[in-house]
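To keep things clear, I will list the structure first and then write my remarks on it.
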Amino acid sequence: MTIKKAVRKTELDVSPVDIDRVINAGSPPAPLVNEEAVQKEVKFQMVISAELCRLIDVERNLSKTSRRAWLLQAAQEKLERGGKL
């Protein structure tokens, strides 16, 4: 039994029109977005005392919200009272 090497085609029977059709068949390009309209998030870590954390947990458990949501809401309320928002 003789083992033959696989033959690779070096030339394709594809026209440039077919290649362009395949390339352009994808999804349409994403619309341009005004970067000023997109709000970017800033991530950071925060360290608070155990007592402050306990007080926050007592208050937030009344409304069953997460610490993150409770702190964001508290910050927003403070900024609104100060006329910043």
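Residue numbers start at 1 in each chain; chains themselves are named A, B, ... in the order of the structure tokens; ligands are numbered from 1 in the order shown.
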Close residues, stretch 55-58 of chain A itself excluded, 12 Å, only C-alpha atoms, min 6 positions apart in chain, as a ChimeraX atom specification
/A:48-49,64-71,74
Any chance you could export the current selection's C-alpha atoms as an mmCIF file, in the first residue's frame?
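What follows is the written file result-v2.cif:
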data_model
loop_
_atom_site.group_PDB
_atom_site.id
_atom_site.type_symbol
_atom_site.label_atom_id
_atom_site.label_comp_id
_atom_site.auth_asym_id
_atom_site.auth_seq_id
_atom_site.Cartn_x
_atom_site.Cartn_y
_atom_site.Cartn_z
ATOM 1 C CA ILE A 48 -15.212 51.738 55.308
ATOM 2 C CA SER A 49 -15.240 50.947 58.982
ATOM 3 C CA LYS A 64 -33.848 44.846 50.552
ATOM 4 C CA THR A 65 -31.324 46.575 48.276
ATOM 5 C CA SER A 66 -27.658 45.766 47.731
ATOM 6 C CA ARG A 67 -24.938 47.824 49.393
ATOM 7 C CA ARG A 68 -23.852 49.117 46.000
ATOM 8 C CA ALA A 69 -27.360 50.246 45.027
ATOM 9 C CA TRP A 70 -27.965 51.757 48.464
ATOM 10 C CA LEU A 71 -24.698 53.749 48.378
ATOM 11 C CA ALA A 74 -27.548 57.847 48.903
#
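With atom CA of A:Leu52 on one side and atom CA of A:Lys84 on the other, the separation reads 25.0 Å.
Take atom CA of A:Lys40 and atom CA of A:Gln76: the distance between them is 16.8 Å.
Those residues in stretch 42-78 of chain A carrying a DSSP assignment of alpha helix (DSSP H), computed from the backbone, are A:Ala50, A:Glu51, A:Leu52, A:Cys53, A:Arg54, A:Leu55, A:Ile56, A:Asp57, A:Val58, A:Glu59, A:Arg60, A:Asn61, A:Arg67, A:Arg68, A:Ala69, A:Trp70, A:Leu71, A:Leu72, A:Gln73, A:Ala74, A:Ala75, A:Gln76, A:Glu77, A:Lys78.
One finds atom CA of A:Leu85 at 17.1 Å from atom CA of A:Glu41.
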